[in-house]
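A.B. asks: Below is one structure. I have some questions about it.
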Amino acid sequence: MTAAGRPIDLLRARVEEIIGYWTGETSLEEMRAGFETMLARGSNHQVRPVDANGIPAAWVGAPAEGPVVLFFHGGGYQAGSIRSHADLMDRIAGSSGFRVLGFDYRLAPEHRFPAALEDALAVYRWLLDSGVAPRSIAFAGDSAGAGLAMATLFAARDGQLPLPAAAVLLSPWLDMETTGESYETRAGVDPMTQRDKLRLMARTYLGRDGDPRNPLASPIHGDLSGLPPVLIHVGDHETVLDDSRAFARMAAASGSDVEVVVWDEMIHHFQAFPELAETRLSIEQIAAFLRRHVAVPV
């Protein structure tokens, strides 16, 4: 197979075709539609809508009972939805045997920080109030959703809520200041997450006077002690790579267990693309991690 015919290269070309035209003149509606087009995979998924403390949510996948993965979708806090991530959630459910609950938190710029965090906490409280034990819950999220998942862990811990049993972060964006060296060293191979675009997304989410070092926006600046086990899967061709490495170092220094798996040549959101063999392996590893750490209700 020639390099140009490899699945990862075909995917990279498709991603660039969809979002490569985005500029400062691209409307929010166009960006949201393009993001959905890039990630959504048809409608052949079992999606059961539910109202979670007033937040639109849905159970995705076949399991109707058992442990729960609360999924926080990515999209730079400005795009993404249950629909865009239904396929990824469905594959996590199928591989793990867990129920997956997705939700549509409020997006910026219509709703700036901390609206998304408030919605995430409301959904987590709904899960706990419905009788699901925290030892039977895991958080999972991709990109900005991974950052939101960690922020929700911090807010739950500091608010005296019981923490879930584990967390899984996919291509996490954890540093709104984009300080890592990988924002430069991986810029030429990352078709999605360039530093200038991420900084614009951060300003849009936080507002003009927002603090990009606030741990509830940039978890890399948070208190990383007392966390449940965390698994991070990130591609070597992602500008956000150093977010994961720095987060894991600081977590280890704080006594928390964070494992980082770096996938050769993989790009941002790569688990959303089932045509990649690496995606299937990643989902299998994630499922094994969940089964090790999350209790089956009795």
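Labels for the structure tokens follow display order: chains A, B, ..., residues from 1 in each chain, ligands from 1.
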From a backbone DSSP assignment, name each residue in stretch 85-287 of chain A labelled strand (DSSP E), as a PyMOL selection string.
C.D. replies: chain A and resi 99-103+137-142+166-170+230-235+258-263
A.B. asks: From a backbone DSSP assignment, name each residue in stretch 43-223 of chain A labelled helix (DSSP H, G or I), as a ChimeraX atom specification.
C.D. replies: /A:82-96,115-129,134-136,144-158,182-185,195-206,219-221
A.B. asks: Could you take the residues named above and write them with C-alpha atoms, as an mmCIF file, in the first residue's frame?
C.D. replies:
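Dumped everything to out.cif:
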data_model
loop_
_atom_site.group_PDB
_atom_site.id
_atom_site.type_symbol
_atom_site.label_atom_id
_atom_site.label_comp_id
_atom_site.auth_asym_id
_atom_site.auth_seq_id
_atom_site.Cartn_x
_atom_site.Cartn_y
_atom_site.Cartn_z
ATOM 1 C CA ILE A 82 -24.920 13.702 21.179
ATOM 2 C CA ARG A 83 -25.469 13.216 17.452
ATOM 3 C CA SER A 84 -21.890 13.955 16.416
ATOM 4 C CA HIS A 85 -20.513 11.511 18.997
ATOM 5 C CA ALA A 86 -23.222 8.839 18.936
ATOM 6 C CA ASP A 87 -21.087 6.444 16.918
ATOM 7 C CA LEU A 88 -18.088 6.753 19.249
ATOM 8 C CA MET A 89 -20.304 6.344 22.310
ATOM 9 C CA ASP A 90 -21.997 3.338 20.716
ATOM 10 C CA ARG A 91 -18.652 1.645 20.060
ATOM 11 C CA ILE A 92 -17.486 2.280 23.635
ATOM 12 C CA ALA A 93 -20.724 0.757 24.891
ATOM 13 C CA GLY A 94 -20.424 -2.251 22.603
ATOM 14 C CA SER A 95 -16.815 -2.970 23.513
ATOM 15 C CA SER A 96 -17.122 -2.415 27.271
ATOM 16 C CA ALA A 115 -22.239 27.113 31.624
ATOM 17 C CA ALA A 116 -20.864 23.821 30.248
ATOM 18 C CA LEU A 117 -19.467 22.890 33.660
ATOM 19 C CA GLU A 118 -22.746 23.718 35.376
ATOM 20 C CA ASP A 119 -24.581 21.436 32.946
ATOM 21 C CA ALA A 120 -22.055 18.624 33.400
ATOM 22 C CA LEU A 121 -22.410 18.777 37.174
ATOM 23 C CA ALA A 122 -26.197 18.762 36.848
ATOM 24 C CA VAL A 123 -26.053 15.580 34.762
ATOM 25 C CA TYR A 124 -23.649 13.893 37.183
ATOM 26 C CA ARG A 125 -25.909 14.791 40.122
ATOM 27 C CA TRP A 126 -28.840 13.345 38.176
ATOM 28 C CA LEU A 127 -26.963 10.074 37.736
ATOM 29 C CA LEU A 128 -26.153 9.892 41.447
ATOM 30 C CA ASP A 129 -29.686 10.856 42.454
ATOM 31 C CA PRO A 134 -20.200 6.315 42.002
ATOM 32 C CA ARG A 135 -18.106 3.119 41.978
ATOM 33 C CA SER A 136 -20.178 2.081 38.931
ATOM 34 C CA ALA A 144 -12.475 19.842 24.999
ATOM 35 C CA GLY A 145 -14.886 17.264 26.397
ATOM 36 C CA ALA A 146 -11.942 15.593 28.126
ATOM 37 C CA GLY A 147 -11.035 18.933 29.683
ATOM 38 C CA LEU A 148 -14.642 19.355 30.786
ATOM 39 C CA ALA A 149 -14.627 15.854 32.281
ATOM 40 C CA MET A 150 -11.577 16.736 34.389
ATOM 41 C CA ALA A 151 -13.078 20.074 35.406
ATOM 42 C CA THR A 152 -16.196 18.218 36.512
ATOM 43 C CA LEU A 153 -14.037 15.857 38.597
ATOM 44 C CA PHE A 154 -12.423 18.865 40.303
ATOM 45 C CA ALA A 155 -15.775 20.567 40.932
ATOM 46 C CA ALA A 156 -17.341 17.361 42.245
ATOM 47 C CA ARG A 157 -14.398 16.702 44.572
ATOM 48 C CA ASP A 158 -14.329 20.258 45.866
ATOM 49 C CA SER A 182 4.049 20.070 20.808
ATOM 50 C CA TYR A 183 1.931 23.050 19.702
ATOM 51 C CA GLU A 184 4.956 23.910 17.572
ATOM 52 C CA THR A 185 6.587 20.541 16.897
ATOM 53 C CA ARG A 195 -2.452 26.873 18.338
ATOM 54 C CA ASP A 196 -4.068 30.047 16.957
ATOM 55 C CA LYS A 197 -7.423 28.318 16.489
ATOM 56 C CA LEU A 198 -7.346 26.849 19.988
ATOM 57 C CA ARG A 199 -6.510 30.201 21.535
ATOM 58 C CA LEU A 200 -9.440 31.747 19.676
ATOM 59 C CA MET A 201 -11.702 28.974 20.965
ATOM 60 C CA ALA A 202 -10.424 29.597 24.489
ATOM 61 C CA ARG A 203 -11.238 33.305 24.262
ATOM 62 C CA THR A 204 -14.667 32.526 22.861
ATOM 63 C CA TYR A 205 -15.365 30.101 25.705
ATOM 64 C CA LEU A 206 -13.939 32.199 28.541
ATOM 65 C CA PRO A 219 -7.262 21.346 34.267
ATOM 66 C CA ILE A 220 -3.484 21.285 33.845
ATOM 67 C CA HIS A 221 -3.441 23.996 36.547
#
A.B. asks: Nearest residue to A:Leu28 out of A:Ala140, A:Ala79, A:Leu227, A:Val296, using only C-alpha atoms?
C.D. replies: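 So, comparing all the options, the nearest one is A:Ala79.
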A.B. asks: Of the residues A:Val234, A:Val189, A:Met31, A:Ala248, which is the one nearest to A:Asp142, using only C-alpha atoms?
C.D. replies: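 Smallest separation from A:Asp142 among the options: A:Val234.
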A.B. asks: Restricting the calculation to only C-alpha atoms, which member of A:Ala167, A:Met250, A:Ser256, A:Pro215 is positioned closest to A:Ile286?
C.D. replies: A:Ala167
A.B. asks: State, in Å with one decimal place, the distance from atom CA of A:Ile283 to atom CA of A:Phe71.
C.D. replies: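 For atom CA of A:Ile283 relative to atom CA of A:Phe71, the distance reads 13.9 Å.
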A.B. asks: Can you pull out every residue within 9 Å of A:His293, counting only C-alpha atoms, but drop anything in the same chain fewer than 4 positions away, and send it as a ChimeraX atom specification?
C.D. replies: /A:135-136,138,165-166,229,288-289
A.B. asks: Generate a file of the selected residues that holds N, CA and C atoms, formatted as an mmCIF file, in the first residue's frame.
C.D. replies:
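That gives us result03.cif:
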data_model
loop_
_atom_site.group_PDB
_atom_site.id
_atom_site.type_symbol
_atom_site.label_atom_id
_atom_site.label_comp_id
_atom_site.auth_asym_id
_atom_site.auth_seq_id
_atom_site.Cartn_x
_atom_site.Cartn_y
_atom_site.Cartn_z
ATOM 1 N N ARG A 135 -19.068 4.162 42.344
ATOM 2 C CA ARG A 135 -18.106 3.119 41.978
ATOM 3 C C ARG A 135 -18.472 2.415 40.678
ATOM 4 N N SER A 136 -19.713 2.669 40.189
ATOM 5 C CA SER A 136 -20.178 2.081 38.931
ATOM 6 C C SER A 136 -20.260 3.106 37.812
ATOM 7 N N ALA A 138 -17.946 5.847 35.287
ATOM 8 C CA ALA A 138 -16.688 6.388 34.765
ATOM 9 C C ALA A 138 -17.002 7.616 33.939
ATOM 10 N N ALA A 165 -15.453 6.135 39.519
ATOM 11 C CA ALA A 165 -14.407 5.142 39.745
ATOM 12 C C ALA A 165 -13.196 5.343 38.854
ATOM 13 N N ALA A 166 -13.363 5.993 37.712
ATOM 14 C CA ALA A 166 -12.272 6.119 36.742
ATOM 15 C C ALA A 166 -12.629 7.200 35.729
ATOM 16 N N PRO A 229 -8.314 6.584 39.027
ATOM 17 C CA PRO A 229 -7.417 6.222 37.921
ATOM 18 C C PRO A 229 -7.863 6.865 36.611
ATOM 19 N N ALA A 288 -11.123 -2.452 28.306
ATOM 20 C CA ALA A 288 -10.450 -3.273 29.317
ATOM 21 C C ALA A 288 -10.155 -2.454 30.576
ATOM 22 N N PHE A 289 -9.729 -1.208 30.397
ATOM 23 C CA PHE A 289 -9.477 -0.319 31.536
ATOM 24 C C PHE A 289 -10.755 -0.095 32.331
#
A.B. asks: Under the rule that only C-alpha atoms are counted, which of A:Pro191, A:Gly141, A:Gly66, A:Gly76 is the nearest residue to A:Ile18?
C.D. replies: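 Among the listed residues, A:Pro191 lies closest to A:Ile18.
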A.B. asks: What's the separation between atom CA of A:Gly75 and atom CA of A:Asp175, in Å to one decimal place?
C.D. replies: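 If I compute the distance from atom CA of A:Gly75 to atom CA of A:Asp175, I get 15.0 Å.
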A.B. asks: Which residue, A:Arg292, A:Arg112, A:Arg186, A:His269, has the smallest gap to A:Tyr77 when you use only C-alpha atoms?
C.D. replies: A:Arg112
A.B. asks: Using only C-alpha atoms, determine which residues lie at most 7 Å from A:Pro56, disregarding the query and same-chain residues fewer than 6 positions distant; provide the list as a ChimeraX atom specification.
C.D. replies: /A:50,103-104
